[in-house]
Structures are given as C-alpha cells and as structure tokens.
Amino acid sequence: MPRLLAITYGAVTVGNGGNASAYLVDKYRFASSYVEARIDFEVVVSHATRATFLAAEAALVAEYRKPDQAVSLVLGASTRHAYNPADGTNTALRTSASCRKLGRDDDTANSARYECSIICALPADLSGRAGRREASISYQRGPSGRGSAAFAGVYTALTANSARAQYESAATTWIAGALATLDGAWKLAAEQYDFDDLNKILRFSRVYEDEMLESYGLDTSALRNQRMAVRRSNPSANFAPGFDTRPIAFAFVDYSTNVDRAVSTNLPEVYATTVRPLILTHVSQIVGGSLVIQREEPGYDPADNRISVSMALQIDSGAQFISSRLEVSDTIDPGLVFLPVWSGDPFDRDEHHAPITQVRRYRRTTTGRPGMALSDKGINPPQGYREVGRSLTRSPFRLGTPGGGSIELEGVTLEIAFIKVNTPGRSRQSGGLSFIPAMPSFGGGAGSNPFPVAI
C-alpha cells in the first residue's frame, strides 16, 4: 500500500507511489532553525528485476550528490514543506543531500536500505534585520582616546535580492545606527566581503576609525585614513637688545590620505580644493602665526587613489623685526709718519709723530617690515666722540612661493661713524664740521694730548 507522504529532491521522488522502486520506511524526521531546515528519512530501493533495481539505486545515489536542487515534502495533496534555491524568492538559499547504505537485513540481491538527509539553508527573514543573519561588533580605544570599531557578520539573499544586494542596501544603515552609540567621528577605513557562487550567503567585515582630524568646515567626507604629522623648528634668535625681534620659525608637515573613488578620482582637484586648505588650517591652529609655503611636494597614486604631501612652511609671528644685529668696530691710526733720509740705505726712515686718529663705527643690520623707521637706539658712543657720517641702505624682498603666500620684508643697514676728538677751544665755522689736527708738541712731556684737533 503506498504511503501518503512523498519526498522529492531534484528529479527523484520517494513515497506516495511516486517511485515504484523506492519506498519510504519508518517515519521521517524534520528539524528547523533560523539557519537551516533538515529532513532525515530511510528508503528501501527494491525491484523484482535486478536491472530495474540497480537503475533505481543508481538514480537515487546520483541525484543525492547534486547540490542546490528543489525540495518538497507532500502529504496527500498538500505541500508540507517546499524549498527551492532557484524559485526567484529564495525560499531556500542552498540545498544539499546525502544518502548512506545501512547494510541491514533489507539488503538483498535486488534491494538495499539507505539513510537519506536533506539540508536546506534558509534566508534571514526576521523582520527588522533586513537579511542580516548574524553580526558582531568589536570596539577599542587607544591611549589618546581615538577609537576604532570593527563589524563582522553574515547577510543572506532575501525575497528577490541577492546576498550582495541585500548587504549593500542594508548594512550601512545598520552600522550607522550602531556607530551612533559610540563616541567618535567615524569613517570607513577598510571593508571586505565574500559571497558564494550563487550570491546567496555573504560574509563581511568592516573597520571604522574615529576621524580626530577636524574638518574646519571643509567637505572631507571623501577622505579616508588621514594621517598628519607636524614638526616645528624654532631657530635661535639673533637680535640686539631693545628691539621687538622674533625670528621666522619653520613647520614641517607630512600628510597622507586615501580618497573614496565613489566620490572622486581627480586627485589634483581634491588636493587643491580640500587637502591643501585643510593642512594649512591645521598647521596654523597648531603653530600659530601666518604661514608661508617654502616647499610643497604633493604626490598622487592613481592605482590606490591616494594623496601624500610633504610641506615646509615659514611661520611669521608678526613681530616688527625678524632679526637685528649691532656691530661695533674701532679703527686706530697711531699717527706715526716715517720720512725717508738720504743715507744710502733705501730702508732708512726718520720717525715722526702726528696726531692719533681713532674712529668708531656702528653698523646696525635689521630685517623686518617694510618702511621701518630709522633707529639709532643703542648707539651711544663714549664721551669725546663726534659723529662724522652715516649711511642707510634699504633692500626690500619677499619670502614665499607662488600661490603659497608671502611675507613682505625689508633689510635695512645703518652705519654711523664717530671720531674721537679733543677740541681745546678752537673752532672755525665753515658750514659743516671739519676736524683739522692741531700740531702736537713733538717730544712733548707728560700730559701731552694725542688727539688734538681744531674745528
């Protein structure tokens, strides 16, 4: 008597008269979870004609080796279970079957008993999860408080969507909700996913990093894995006392970032409109002062859609002077005069003493803002010196590179000469100062004046 129950896998049906050579025996077992359904049963393949028996047995074994076949379990005229990976609605993701000959008393020359199993992977159709079967979140934070979050899990095909389509439509929204519960400005740093050949089951992992680099109003959404190091160099000051002098300092920057190819692959444009102003704003916040680009070396890697740049910048602190220096020099003419004598020796000379001449020169060199007022601050010759001349040289110049900002500066050199004089009451007015040596008393005794002059 045929049984009301029929189990079909692919092209082979057992039970309910569907196969005259394969009979269900005992009761079948059914188990179901969120991940899979399983059907276990036993079959006796038998036929009075040995050739027919062997053909039926071969057909069972061959069919149960095939993956991804349609499965149905029918009771009378009603379908109790149905799973089909190819029905377009993903009632099952994948199916597989196996059969094992038991080697019992049922085995004869014309019959054999088999234990059969059918496993059906099921879609993740729980409401609200959008195809997400399982997932995990790992969060860690470094000494500076900068965090990273790793997500891993499985998405399945659902209704008419493939696993990849389901993942791409739903994963970002779910992850964004999870990241909202964690402190940080999160950006995707790495992503990987793998799916099977039928695009039914997808395993993914994503890593997000806390983007601590402030954007300052710029659209940095396309920038990934930003790294920036800033070093400041403060040279020793070279200045004369009493001047507002602060030298030009230097900043050195190394920066790199990936650019999301979905946003742009025009790396020079991204650098000019986003990366460059971002770097300059950050450096300005870190080191203070106005910046002038001294050296700029952007690099582009189209194969990885990556930008890297090295910069050297000059930092203007805003002081009136960036350098100032005062040099003082003394020149002394001892007043010795050697006159030749006719002695037959060409090297014979008579030594005579003229007034000693001592000149003190002050040379001030400054670099600072254009139009600096001439200053003789700090130039204080000793008593007994009179100014005999001064000169001023101005040399305007500009620090910077085209398009990288500039500082307008001026170098000024002020020189003042003084002569040491004694003026014992003799003065002649001639419209200007002139110093005429007063003839000393040659061979004069103690207290004679070596610097006598008349004005």
# chains A, B, ... in the order shown; residues from 1 in each chain; ligands from 1

$ select_by_dssp --residues "stretch 36-245 of chain A" --states "alpha helix (DSSP H)" --output "number ranges by chain"
A: 50-63, 163-179

$ write_last_selection --atoms "C-alpha atoms" --output "PDB file, in the first residue's frame"
ATOM      1  CA  ARG A  50      17.638  -6.702 -10.894  1.00  0.00           C
ATOM      2  CA  ALA A  51      18.409  -4.323 -13.724  1.00  0.00           C
ATOM      3  CA  THR A  52      15.500  -2.099 -12.688  1.00  0.00           C
ATOM      4  CA  PHE A  53      16.641  -2.218  -9.055  1.00  0.00           C
ATOM      5  CA  LEU A  54      20.175  -1.246  -9.967  1.00  0.00           C
ATOM      6  CA  ALA A  55      18.978   1.603 -12.165  1.00  0.00           C
ATOM      7  CA  ALA A  56      16.736   2.964  -9.396  1.00  0.00           C
ATOM      8  CA  GLU A  57      19.546   2.714  -6.868  1.00  0.00           C
ATOM      9  CA  ALA A  58      21.961   4.491  -9.212  1.00  0.00           C
ATOM     10  CA  ALA A  59      19.411   7.249  -9.846  1.00  0.00           C
ATOM     11  CA  LEU A  60      18.970   7.852  -6.090  1.00  0.00           C
ATOM     12  CA  VAL A  61      22.704   7.992  -5.412  1.00  0.00           C
ATOM     13  CA  ALA A  62      23.385  10.252  -8.402  1.00  0.00           C
ATOM     14  CA  GLU A  63      20.626  12.743  -7.549  1.00  0.00           C
ATOM     15  CA  ALA A 163      23.027  38.463  -0.730  1.00  0.00           C
ATOM     16  CA  ARG A 164      25.260  41.240  -2.027  1.00  0.00           C
ATOM     17  CA  ALA A 165      22.333  43.444  -2.954  1.00  0.00           C
ATOM     18  CA  GLN A 166      20.826  42.901   0.474  1.00  0.00           C
ATOM     19  CA  TYR A 167      24.128  43.713   2.173  1.00  0.00           C
ATOM     20  CA  GLU A 168      24.689  46.878   0.163  1.00  0.00           C
ATOM     21  CA  SER A 169      21.165  48.117   0.764  1.00  0.00           C
ATOM     22  CA  ALA A 170      21.000  47.423   4.494  1.00  0.00           C
ATOM     23  CA  ALA A 171      24.418  47.088   6.135  1.00  0.00           C
ATOM     24  CA  THR A 172      25.428  50.763   6.067  1.00  0.00           C
ATOM     25  CA  THR A 173      22.187  51.842   7.749  1.00  0.00           C
ATOM     26  CA  TRP A 174      22.527  49.239  10.495  1.00  0.00           C
ATOM     27  CA  ILE A 175      26.199  50.081  11.105  1.00  0.00           C
ATOM     28  CA  ALA A 176      25.457  53.821  11.219  1.00  0.00           C
ATOM     29  CA  GLY A 177      22.935  53.173  13.961  1.00  0.00           C
ATOM     30  CA  ALA A 178      25.484  51.168  15.936  1.00  0.00           C
ATOM     31  CA  LEU A 179      28.204  53.798  15.490  1.00  0.00           C
TER      32      LEU A 179
END

$ residues_around --residues "A:Asn305" --least-positions-apart "4" --cutoff "12 Å" --atoms "only C-alpha atoms" --output "PyMOL selection string"
chain A and resi 222-225+256-268+270-271+299-301

$ residues_around --residues "A:Ala157" --least-positions-apart "4" --cutoff "8 Å" --atoms "only C-alpha atoms" --output "NGL selection string"
:A and (90 or 93 or 123-124 or 131 or 161-166 or 199-201)

$ select_by_dssp --residues "stretch 194-388 of chain A" --states "strand (DSSP E or B)" --output "count of residues only"
97

$ residues_around --residues "A:Ile118" --least-positions-apart "4" --cutoff "7 Å" --atoms "only C-alpha atoms" --output "list in words"
Arg38, Ile39, Asp40, Ser96, Ala97 and Ser98 of chain A

$ write_last_selection --atoms "N, CA and C atoms" --output "short mmCIF file (atom, residue, chain, number, x, y, z; two decimals), in the first residue's frame"
data_model
loop_
_atom_site.label_atom_id
_atom_site.label_comp_id
_atom_site.auth_asym_id
_atom_site.auth_seq_id
_atom_site.Cartn_x
_atom_site.Cartn_y
_atom_site.Cartn_z
N ARG A 38 16.24 20.60 8.13
CA ARG A 38 16.84 19.30 7.83
C ARG A 38 15.76 18.23 7.84
N ILE A 39 15.81 17.37 6.81
CA ILE A 39 14.89 16.23 6.70
C ILE A 39 15.72 14.95 6.66
N ASP A 40 15.40 14.00 7.56
CA ASP A 40 16.09 12.71 7.59
C ASP A 40 15.06 11.60 7.44
N SER A 96 21.41 20.75 -0.04
CA SER A 96 22.35 19.65 -0.26
C SER A 96 21.72 18.37 0.28
N ALA A 97 22.14 17.23 -0.27
CA ALA A 97 21.57 15.94 0.15
C ALA A 97 22.68 14.90 0.23
N SER A 98 22.40 13.84 0.97
CA SER A 98 23.35 12.73 1.08
C SER A 98 22.56 11.45 1.34
#

$ residues_around --residues "A:Thr281" --least-positions-apart "6" --cutoff "12 Å" --atoms "only C-alpha atoms" --output "ChimeraX atom specification"
/A:213-218,274-275,287-291

$ residues_around --residues "A:Val337" --least-positions-apart "6" --cutoff "7 Å" --atoms "only C-alpha atoms" --output "list in words"
Glu351, His352, His353 and Ala354 of chain A

$ closest_residue --among "A:Asp304, A:Arg246, A:Pro334, A:Ala86" --to "A:Thr366" --atoms "only C-alpha atoms"
A:Arg246

$ atom_distance --atom1 "atom CA of A:Met212" --atom2 "atom CA of A:Ile248"
29.3 Å

$ closest_residue --among "A:Thr245, A:Val44, A:Gly404, A:Glu134" --to "A:Pro277" --atoms "only C-alpha atoms"
A:Gly404

$ residues_around --residues "A:Val74" --least-positions-apart "3" --cutoff "12 Å" --atoms "only C-alpha atoms" --output "MDAnalysis selection string"
chainID A and resid 3:9 13:18 71 77:83

$ closest_residue --among "A:Ile286, A:Leu336, A:Leu198, A:Cys99" --to "A:Arg232" --atoms "only C-alpha atoms"
A:Ile286
